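Undergrad: What follows is start.txt, compact mmCIF, C-alpha atoms.
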```txt
# COMPACT_ATOMS: atom_id res chain seq x y z
CA MET A 1 204.32 216.17 103.95
CA ARG A 2 204.08 212.57 105.18
CA LEU A 3 201.35 213.53 107.65
CA ARG A 4 199.41 215.39 104.94
CA ALA A 5 199.63 212.37 102.63
CA LEU A 6 198.38 210.07 105.39
CA LEU A 7 195.48 212.38 106.16
CA THR A 8 194.58 212.57 102.48
CA CYS A 9 194.64 208.79 102.12
CA GLY A 10 192.59 208.41 105.29
CA GLY A 11 189.99 210.87 104.01
CA ALA A 12 189.78 209.09 100.66
CA LEU A 13 189.28 205.72 102.37
CA ALA A 14 186.58 207.17 104.61
CA LEU A 15 184.73 208.61 101.63
CA ALA A 16 185.02 205.31 99.79
CA ALA A 17 183.61 203.49 102.81
CA CYS A 18 180.69 205.91 103.03
CA SER A 19 180.00 205.45 99.34
CA ALA A 20 180.09 201.68 99.62
CA SER A 21 177.85 201.47 102.66
CA GLY A 22 175.37 204.11 101.42
CA PRO A 23 173.51 206.65 103.56
CA SER A 24 171.96 205.61 106.83
CA ASP A 25 168.22 205.10 106.98
CA ASP A 26 167.86 208.31 109.01
CA VAL A 27 169.75 210.38 106.44
CA ALA A 28 167.87 208.81 103.54
CA SER A 29 164.48 209.38 105.13
CA ALA A 30 165.35 212.99 105.94
CA SER A 31 166.40 213.55 102.34
CA ASP A 32 163.21 211.97 101.03
CA ALA A 33 161.10 214.05 103.40
CA SER A 34 162.67 217.31 102.24
CA GLY A 35 161.95 216.51 98.58
CA GLU A 36 161.92 219.63 96.43
CA THR A 37 160.52 221.90 99.14
CA PRO A 38 163.11 222.26 101.90
CA PHE A 39 161.45 225.59 102.80
CA ALA A 40 157.84 224.46 102.85
CA SER A 41 154.90 226.81 102.50
CA THR A 42 153.21 227.99 105.69
CA TYR A 43 150.45 229.85 103.81
CA SER A 44 146.89 229.46 105.04
CA PRO A 45 143.77 231.35 103.90
CA TYR A 46 142.67 234.23 106.06
CA PRO A 47 139.55 233.51 108.11
CA GLY A 48 136.57 235.54 107.03
CA ALA A 49 132.84 235.57 106.59
CA ALA A 50 131.33 233.64 103.71
CA THR A 51 130.38 236.29 101.14
CA ALA A 52 128.16 236.60 98.06
CA LEU A 53 128.97 239.32 95.52
CA VAL A 54 125.77 239.99 93.58
CA GLY A 55 124.72 242.10 90.61
CA ALA A 56 128.16 242.53 89.00
CA THR A 57 129.25 241.79 85.44
CA VAL A 58 131.40 238.68 85.79
CA PHE A 59 134.07 237.51 83.34
CA ASP A 60 134.65 233.86 84.12
CA GLY A 61 138.16 233.49 82.66
CA ALA A 62 137.01 230.97 80.06
CA GLY A 63 135.52 233.45 77.59
CA GLY A 64 132.16 233.79 79.30
CA ARG A 65 130.48 237.01 80.42
CA ILE A 66 127.69 236.92 83.00
CA GLU A 67 125.48 239.95 83.44
CA ASN A 68 123.94 240.42 86.88
CA GLY A 69 126.24 237.68 88.10
CA THR A 70 126.80 236.13 91.50
CA VAL A 71 130.12 235.01 92.98
CA LEU A 72 130.33 233.05 96.23
CA PHE A 73 133.44 233.16 98.43
CA ALA A 74 134.22 231.00 101.46
CA ASP A 75 137.37 229.89 103.29
CA GLY A 76 139.58 232.04 101.10
CA GLU A 77 138.34 230.56 97.83
CA VAL A 78 135.77 231.19 95.09
CA VAL A 79 133.27 228.38 95.59
CA ALA A 80 130.67 229.16 92.91
CA VAL A 81 130.03 231.50 89.98
CA GLY A 82 126.69 231.96 88.24
CA ASP A 83 123.92 234.31 87.23
CA SER A 84 121.24 235.80 89.46
CA SER A 85 119.57 232.40 89.81
CA LEU A 86 122.56 230.97 91.73
CA ALA A 87 121.33 230.02 95.20
CA ILE A 88 123.03 231.86 98.05
CA PRO A 89 123.38 229.67 101.15
CA ALA A 90 122.14 230.90 104.48
CA GLY A 91 124.65 232.88 106.48
CA TYR A 92 126.41 234.50 103.53
CA THR A 93 127.10 238.24 103.70
CA ARG A 94 125.85 239.99 100.55
CA LEU A 95 127.87 242.66 98.75
CA ASP A 96 126.22 244.74 96.04
CA GLY A 97 128.34 244.65 92.88
CA THR A 98 125.98 246.61 90.64
CA GLY A 99 127.94 248.54 88.05
CA LYS A 100 131.16 246.69 88.90
CA PHE A 101 133.20 244.22 86.85
CA VAL A 102 134.67 241.04 88.30
CA THR A 103 137.50 239.04 86.75
CA PRO A 104 139.60 236.13 87.98
CA GLY A 105 142.79 237.08 89.80
CA ILE A 106 145.70 237.66 87.44
CA ILE A 107 148.76 235.41 87.69
CA ASP A 108 151.99 237.26 86.90
CA ILE A 109 154.32 234.59 85.53
CA HIS A 110 157.38 236.88 85.27
CA SER A 111 157.89 239.15 88.24
CA HIS A 112 160.83 240.51 90.25
CA LEU A 113 158.78 241.95 93.12
CA GLY A 114 160.43 241.30 96.45
CA ASP A 115 163.82 240.76 94.80
CA TYR A 116 163.77 244.29 93.34
CA PRO A 117 161.39 246.18 95.65
CA THR A 118 159.78 249.50 94.77
CA PRO A 119 160.84 251.91 96.13
CA SER A 120 164.26 250.31 96.10
CA VAL A 121 167.51 250.58 98.02
CA ASP A 122 170.69 248.57 97.49
CA ALA A 123 170.08 246.61 100.69
CA HIS A 124 167.02 244.96 99.11
CA SER A 125 168.11 244.75 95.45
CA ASP A 126 168.95 241.06 95.24
CA GLY A 127 167.64 239.79 91.91
CA ASN A 128 170.94 239.05 90.13
CA GLU A 129 173.87 237.04 91.46
CA ALA A 130 176.07 238.69 88.83
CA THR A 131 179.35 237.16 89.98
CA ASP A 132 179.30 234.34 87.46
CA PRO A 133 177.28 233.77 84.26
CA THR A 134 176.11 230.35 85.47
CA THR A 135 174.50 230.25 88.92
CA PRO A 136 171.86 227.48 88.92
CA GLU A 137 172.35 226.96 92.64
CA VAL A 138 170.82 230.27 93.79
CA TRP A 139 167.14 230.63 94.72
CA ALA A 140 165.04 233.75 94.23
CA GLU A 141 163.00 232.96 97.33
CA HIS A 142 166.03 233.47 99.57
CA SER A 143 166.15 237.16 98.66
CA VAL A 144 162.42 237.99 98.47
CA TRP A 145 161.50 240.84 100.83
CA PRO A 146 157.86 240.14 101.80
CA GLN A 147 157.30 243.74 102.92
CA ASP A 148 157.94 245.15 99.41
CA PRO A 149 155.23 247.84 98.94
CA GLY A 150 154.98 246.73 95.32
CA PHE A 151 153.04 243.61 96.35
CA SER A 152 150.08 245.56 97.72
CA ARG A 153 150.11 247.95 94.74
CA ALA A 154 150.10 245.01 92.32
CA LEU A 155 147.03 243.63 94.09
CA ALA A 156 145.12 246.90 94.41
CA ASN A 157 145.94 248.40 91.00
CA GLY A 158 146.45 245.33 88.85
CA GLY A 159 144.46 242.51 90.42
CA ILE A 160 147.62 240.36 90.73
CA THR A 161 146.82 237.53 93.13
CA SER A 162 149.74 235.17 92.42
CA LEU A 163 153.26 235.71 91.09
CA GLN A 164 156.24 233.73 89.89
CA ILE A 165 159.31 235.54 91.23
CA LEU A 166 162.30 235.02 88.95
CA PRO A 167 165.97 235.91 89.22
CA GLY A 168 167.08 238.66 86.86
CA SER A 169 168.53 238.26 83.36
CA ALA A 170 172.20 239.04 83.99
CA ASN A 171 173.24 235.39 83.93
CA LEU A 172 172.87 232.63 81.37
CA MET A 173 171.51 230.48 84.21
CA GLY A 174 170.11 232.80 86.85
CA GLY A 175 168.71 230.34 89.39
CA ARG A 176 165.46 228.94 90.74
CA SER A 177 162.16 230.82 90.79
CA VAL A 178 159.38 230.64 93.38
CA THR A 179 155.59 231.05 93.09
CA LEU A 180 153.88 233.22 95.70
CA LYS A 181 150.36 234.12 96.78
CA ASN A 182 150.06 237.90 96.90
CA VAL A 183 149.15 238.10 100.58
CA PRO A 184 150.72 240.04 103.47
CA ALA A 185 153.20 237.86 105.36
CA ARG A 186 156.21 238.21 107.61
CA THR A 187 158.19 235.54 105.75
CA VAL A 188 158.37 234.35 102.17
CA GLN A 189 157.21 230.91 103.37
CA GLY A 190 153.96 232.57 104.44
CA MET A 191 153.45 233.65 100.81
CA LYS A 192 154.56 230.46 99.03
CA PHE A 193 151.84 228.93 96.86
CA PRO A 194 151.27 225.46 98.35
CA GLY A 195 152.34 222.70 95.98
CA ALA A 196 153.48 225.02 93.19
CA PRO A 197 156.47 223.66 91.24
CA TYR A 198 159.70 225.60 91.05
CA GLY A 199 160.88 227.20 87.83
CA PHE A 200 164.32 228.00 86.47
CA LYS A 201 165.52 231.24 84.90
CA MET A 202 167.72 231.24 81.80
CA ALA A 203 168.61 234.23 79.64
CA CYS A 204 170.42 234.49 76.33
CA GLY A 205 171.47 237.47 74.24
CA GLU A 206 171.68 241.10 75.18
CA ASN A 207 171.61 240.97 78.98
CA PRO A 208 174.40 238.43 79.63
CA LYS A 209 176.39 240.01 76.76
CA ARG A 210 176.04 243.43 78.32
CA VAL A 211 176.85 242.36 81.87
CA TYR A 212 179.84 240.12 81.17
CA GLY A 213 181.04 241.47 77.83
CA GLY A 214 181.47 244.83 79.54
CA ARG A 215 183.90 243.12 81.93
CA GLY A 216 185.88 241.54 79.09
CA ARG A 217 184.78 237.99 79.88
CA MET A 218 182.44 235.36 78.49
CA PRO A 219 179.73 235.57 77.34
CA SER A 220 180.39 238.62 75.19
CA THR A 221 178.64 237.16 72.11
CA ARG A 222 175.83 234.69 71.36
CA MET A 223 178.35 232.01 70.34
```
What would the structure in this file look like if it were written as structure tokens?

TA:
Amino acid sequence: MRLRALLTCGGALALAACSASGPSDDVASASDASGETPFASTYSPYPGAATALVGATVFDGAGGRIENGTVLFADGEVVAVGDSSLAIPAGYTRLDGTGKFVTPGIIDIHSHLGDYPTPSVDAHSDGNEATDPTTPEVWAEHSVWPQDPGFSRALANGGITSLQILPGSANLMGGRSVTLKNVPARTVQGMKFPGAPYGFKMACGENPKRVYGGRGRMPSTRM
């Protein structure tokens, strides 16, 4: 008992000394460098030929509709949108969009792709840390499966080009979300939208009541 007491006192004194002296410059600089993105994005646009899509009906995302429109793409981005008078730089590959409709990519702000893949098996169903109603410390990006077939279907069938992946609704505080580019990648960092802020999932009402009330524990009501 005496030895345990001495060890406890020694540990307390050491912690107090650390607190008084503050972190070393190396530790402080490492902490500052990590910021809010300890798992930084490694996304980069795919290389490709500069392309002009011509002759399509273009919806510009701001309420405008352009008949016989032209859209220029280069370096993984839309660089210009206009009507048939828009100049096409030399070297651009032309694609005929006659009879087609073009819209901006859709941003899905509430998605569980990757955390609940489709088709799904238990090994990849990781959207809810339903062991406690308050889990702000968990991150959706840690359980995203980049090879979820749902990503490619969302792009091909729905035009989804970016997604915010959220934890599920079992918990009052479900954890941190992550914003992804809908591109094929081996890791979630290869999909992370550069510079996008993190979000936070909270849920009230029926889902936490159902999950935890059914176990005879809080929250079982909205109180």

Undergrad: At a cut-off of 10 Å, using all atoms listed in the file, what residues contact A:Cys204? Leave out same-chain residues fewer than 2 positions from it and give the result as an MDAnalysis selection string.

TA: chainID A and resid 169:173 202 206:209 219 221:222

Undergrad: For the residues in the current selection, export C-alpha atoms as an mmCIF file, in the frame of the given file.

TA:
```cif
data_model
loop_
_atom_site.group_PDB
_atom_site.id
_atom_site.type_symbol
_atom_site.label_atom_id
_atom_site.label_comp_id
_atom_site.auth_asym_id
_atom_site.auth_seq_id
_atom_site.Cartn_x
_atom_site.Cartn_y
_atom_site.Cartn_z
ATOM 1 C CA SER A 169 168.530 238.260 83.360
ATOM 2 C CA ALA A 170 172.200 239.040 83.990
ATOM 3 C CA ASN A 171 173.240 235.390 83.930
ATOM 4 C CA LEU A 172 172.870 232.630 81.370
ATOM 5 C CA MET A 173 171.510 230.480 84.210
ATOM 6 C CA MET A 202 167.720 231.240 81.800
ATOM 7 C CA GLU A 206 171.680 241.100 75.180
ATOM 8 C CA ASN A 207 171.610 240.970 78.980
ATOM 9 C CA PRO A 208 174.400 238.430 79.630
ATOM 10 C CA LYS A 209 176.390 240.010 76.760
ATOM 11 C CA PRO A 219 179.730 235.570 77.340
ATOM 12 C CA THR A 221 178.640 237.160 72.110
ATOM 13 C CA ARG A 222 175.830 234.690 71.360
#
```

Undergrad: Have a look at atom CA of A:Thr57 and atom CA of A:Gly159 and let me know their distance in Å, one decimal.

TA: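 Those two atoms sit 16.0 Å apart.
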
Undergrad: Could you tell me, as a ChimeraX atom specification, which residues have any atom at most 10 Å from (167.2, 240.7, 93.2), counting all atoms listed in the file?

TA: /A:112-117,122-129,140-145,165-168

Undergrad: Pull C-alpha atoms from the residues just selected and write them as a JSON list (two decimals), in the frame of the given file.

TA:
```
[["chain", "number", "residue", "atom", "x", "y", "z"],
["A", 112, "HIS", "CA", 160.83, 240.51, 90.25],
["A", 113, "LEU", "CA", 158.78, 241.95, 93.12],
["A", 114, "GLY", "CA", 160.43, 241.30, 96.45],
["A", 115, "ASP", "CA", 163.82, 240.76, 94.80],
["A", 116, "TYR", "CA", 163.77, 244.29, 93.34],
["A", 117, "PRO", "CA", 161.39, 246.18, 95.65],
["A", 122, "ASP", "CA", 170.69, 248.57, 97.49],
["A", 123, "ALA", "CA", 170.08, 246.61, 100.69],
["A", 124, "HIS", "CA", 167.02, 244.96, 99.11],
["A", 125, "SER", "CA", 168.11, 244.75, 95.45],
["A", 126, "ASP", "CA", 168.95, 241.06, 95.24],
["A", 127, "GLY", "CA", 167.64, 239.79, 91.91],
["A", 128, "ASN", "CA", 170.94, 239.05, 90.13],
["A", 129, "GLU", "CA", 173.87, 237.04, 91.46],
["A", 140, "ALA", "CA", 165.04, 233.75, 94.23],
["A", 141, "GLU", "CA", 163.00, 232.96, 97.33],
["A", 142, "HIS", "CA", 166.03, 233.47, 99.57],
["A", 143, "SER", "CA", 166.15, 237.16, 98.66],
["A", 144, "VAL", "CA", 162.42, 237.99, 98.47],
["A", 145, "TRP", "CA", 161.50, 240.84, 100.83],
["A", 165, "ILE", "CA", 159.31, 235.54, 91.23],
["A", 166, "LEU", "CA", 162.30, 235.02, 88.95],
["A", 167, "PRO", "CA", 165.97, 235.91, 89.22],
["A", 168, "GLY", "CA", 167.08, 238.66, 86.86]]
```

Undergrad: To one decimal in Å, tell me the separation between atom CA of A:Asp96 and atom CA of A:Leu53.

TA: 6.1 Å

Undergrad: Between A:Val183, A:Gly195, A:Met223, A:Thr98, which has the minimum distance to A:Asp148 (counting all atoms listed in the file)?

TA: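 So, comparing all the options, the nearest one is A:Val183.
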